[in-house]
Amino acid sequence: MPKEYFKPSVTVDIIIFSVQNDDLKVLLIKRAIDPFKNMWAIPGGFIKESESLDEAAKRELQEETGVKDVYLEQLYTFGEPKRDPRGRIITVSYFALINSESHSIKGSSDVAEAKWFSAYNLPQLAFDHKMIFDYALLRLRWKLEYTTVAFQLLPKKFTLTQLQALYEIIFNKPFDKRNFRKKIFALDLVEPTNEFTEGVSHRPARLYKCSKKIGEIIEII
């Protein structure tokens, strides 16, 4: 390799989204080491020489949060020369979508704490992680417009009200009930089950399930 070229370090950062208590949440970790010790950050870390980027993202996700086997997608590469005080470090960002009820969260040795925050009320973040988060949220909304990834955030069986609420939470705006359901049925996105909600004070609602593969491309909004 010519002397004028150098080898920058490469990291992966994973923005983990979930919906809890009618709010869009993002999982952050409190750093236990420098730089930015005791500040909140997006989970991530350095790739190993023998790893692919996807393998590194999956490993870091599990090591730092205990989360595995979730929808994971590469987003964008951030490489500003001074984005990391440790040196020339390029990061490849990912986003993950999880149903938090199905996963327990735990931190690793270099993580003081792992905690869910509202995507609309974040603490100050380390490095350039606020920029990475903003792009991830934008991409998440784009994905919901033309793919079925939203169903990753729902239980396997759900009501139409839950489905619409999910879209309203992520887009942070209301949708017309009649038009929303008309579009969902026209695209054949869901299929009814023979089950209904239980233990509710109002009329039980029918449960549905996704009739498409998670991540399938189809214009929804």
# chains A, B, ... in the order shown; residues from 1 in each chain; ligands from 1
>>> select_by_dssp(residues="region 32-199 of chain A", states="strand (DSSP E or B)", output="number ranges by chain")
A: 40-41, 44-46, 71-78, 89-97, 111-118, 125, 147, 158, 190-196
>>> closest_atom_pairs(of="region 16-97 of chain A", to="region 208-218 of chain A", cutoff="12 Å", atoms="only C-alpha atoms", output="CSV")
residue,atom,partner,partner_atom,distance
A:Val70,CA,A:Ile214,CA,11.1
A:Tyr71,CA,A:Ile214,CA,8.6
A:Leu72,CA,A:Gly215,CA,10.3
A:Glu73,CA,A:Gly215,CA,9.9
A:Leu97,CA,A:Gly215,CA,11.0
>>> residues_around(residues="region 88-92 of chain A", least_positions_apart="5", cutoff="7 Å", atoms="only C-alpha atoms", output="CSV table (one decimal) with C-alpha atoms, in the first residue's frame")
chain,number,residue,atom,x,y,z
A,8,PRO,CA,-8.8,4.5,9.5
A,9,SER,CA,-10.7,2.6,12.1
A,10,VAL,CA,-14.3,1.5,11.5
A,11,THR,CA,-17.2,1.2,13.9
A,12,VAL,CA,-20.8,0.3,13.7
A,13,ASP,CA,-23.6,2.2,15.5
A,76,TYR,CA,-25.5,5.4,6.2
A,77,THR,CA,-21.8,6.0,6.7
A,78,PHE,CA,-20.6,8.9,8.7
A,79,GLY,CA,-17.0,9.9,8.2
A,81,PRO,CA,-12.5,13.7,10.0
A,82,LYS,CA,-13.1,15.0,13.6
>>> closest_residue(among="A:Asn121, A:Ala126, A:Asp69, A:Leu137", to="Pro85 (chain A)", atoms="only C-alpha atoms")
A:Ala126
>>> select_by_dssp(residues="region 38-194 of chain A", states="helix (DSSP H, G or I)", output="VMD selection string")
chain A and resid 53 to 65 100 to 102 129 to 146 149 to 153 160 to 171 177 to 186
>>> write_last_selection(atoms="C-alpha atoms", output="mmCIF file, in the first residue's frame")
data_model
loop_
_atom_site.group_PDB
_atom_site.id
_atom_site.type_symbol
_atom_site.label_atom_id
_atom_site.label_comp_id
_atom_site.auth_asym_id
_atom_site.auth_seq_id
_atom_site.Cartn_x
_atom_site.Cartn_y
_atom_site.Cartn_z
ATOM 1 C CA LEU A 53 -20.179 -4.989 8.840
ATOM 2 C CA ASP A 54 -23.448 -6.847 9.394
ATOM 3 C CA GLU A 55 -21.747 -9.383 11.655
ATOM 4 C CA ALA A 56 -20.179 -6.587 13.708
ATOM 5 C CA ALA A 57 -23.519 -4.803 14.071
ATOM 6 C CA LYS A 58 -25.247 -7.969 15.280
ATOM 7 C CA ARG A 59 -22.414 -8.728 17.728
ATOM 8 C CA GLU A 60 -22.281 -5.207 19.166
ATOM 9 C CA LEU A 61 -26.047 -5.118 19.488
ATOM 10 C CA GLN A 62 -26.054 -8.316 21.515
ATOM 11 C CA GLU A 63 -22.951 -7.483 23.582
ATOM 12 C CA GLU A 64 -24.053 -3.988 24.603
ATOM 13 C CA THR A 65 -27.801 -4.527 25.029
ATOM 14 C CA SER A 100 -39.609 -4.464 23.524
ATOM 15 C CA GLU A 101 -41.963 -6.912 25.246
ATOM 16 C CA SER A 102 -40.066 -9.743 23.562
ATOM 17 C CA HIS A 129 -24.876 10.574 17.560
ATOM 18 C CA LYS A 130 -27.660 13.167 17.443
ATOM 19 C CA MET A 131 -26.979 13.574 13.717
ATOM 20 C CA ILE A 132 -27.021 9.803 13.283
ATOM 21 C CA PHE A 133 -30.277 9.519 15.217
ATOM 22 C CA ASP A 134 -31.964 12.269 13.186
ATOM 23 C CA TYR A 135 -31.085 10.491 9.954
ATOM 24 C CA ALA A 136 -32.289 7.151 11.341
ATOM 25 C CA LEU A 137 -35.675 8.607 12.266
ATOM 26 C CA LEU A 138 -36.025 10.119 8.811
ATOM 27 C CA ARG A 139 -35.148 6.801 7.184
ATOM 28 C CA LEU A 140 -37.557 4.920 9.466
ATOM 29 C CA ARG A 141 -40.400 7.143 8.294
ATOM 30 C CA TRP A 142 -39.389 6.649 4.672
ATOM 31 C CA LYS A 143 -39.376 2.871 5.190
ATOM 32 C CA LEU A 144 -42.860 2.948 6.639
ATOM 33 C CA GLU A 145 -44.093 4.719 3.530
ATOM 34 C CA TYR A 146 -43.133 1.925 1.135
ATOM 35 C CA VAL A 149 -41.246 -2.976 8.412
ATOM 36 C CA ALA A 150 -43.772 -1.357 10.782
ATOM 37 C CA PHE A 151 -45.199 -4.782 11.557
ATOM 38 C CA GLN A 152 -41.910 -5.678 13.273
ATOM 39 C CA LEU A 153 -42.972 -3.318 16.069
ATOM 40 C CA LEU A 160 -56.415 -2.128 13.241
ATOM 41 C CA THR A 161 -56.453 0.565 15.905
ATOM 42 C CA GLN A 162 -53.028 -0.593 17.110
ATOM 43 C CA LEU A 163 -51.706 -0.526 13.555
ATOM 44 C CA GLN A 164 -52.918 3.020 12.899
ATOM 45 C CA ALA A 165 -51.645 4.185 16.293
ATOM 46 C CA LEU A 166 -48.207 2.834 15.403
ATOM 47 C CA TYR A 167 -48.061 4.939 12.234
ATOM 48 C CA GLU A 168 -49.324 8.015 14.071
ATOM 49 C CA ILE A 169 -46.683 7.622 16.779
ATOM 50 C CA ILE A 170 -43.795 7.254 14.333
ATOM 51 C CA PHE A 171 -44.915 10.024 11.984
ATOM 52 C CA LYS A 177 -59.285 6.389 10.252
ATOM 53 C CA ARG A 178 -61.462 5.630 7.232
ATOM 54 C CA ASN A 179 -58.808 6.437 4.638
ATOM 55 C CA PHE A 180 -56.095 4.585 6.554
ATOM 56 C CA ARG A 181 -58.085 1.369 6.792
ATOM 57 C CA LYS A 182 -59.213 1.633 3.190
ATOM 58 C CA LYS A 183 -55.578 1.804 2.061
ATOM 59 C CA ILE A 184 -54.509 -1.079 4.321
ATOM 60 C CA PHE A 185 -57.228 -3.352 2.963
ATOM 61 C CA ALA A 186 -56.686 -2.263 -0.650
#
>>> atom_distance(atom1="CA of Lys115 (chain A)", atom2="CA of Ser93 (chain A)")
19.3 Å
>>> atom_distance(atom1="CA of Ile14 (chain A)", atom2="CA of Ile221 (chain A)")
25.9 Å
>>> residues_around(residues="Leu28 (chain A)", least_positions_apart="6", cutoff="6 Å", atoms="only C-alpha atoms", output="list in words")
Ala41, Ile42, Ala114 and Lys115 of chain A
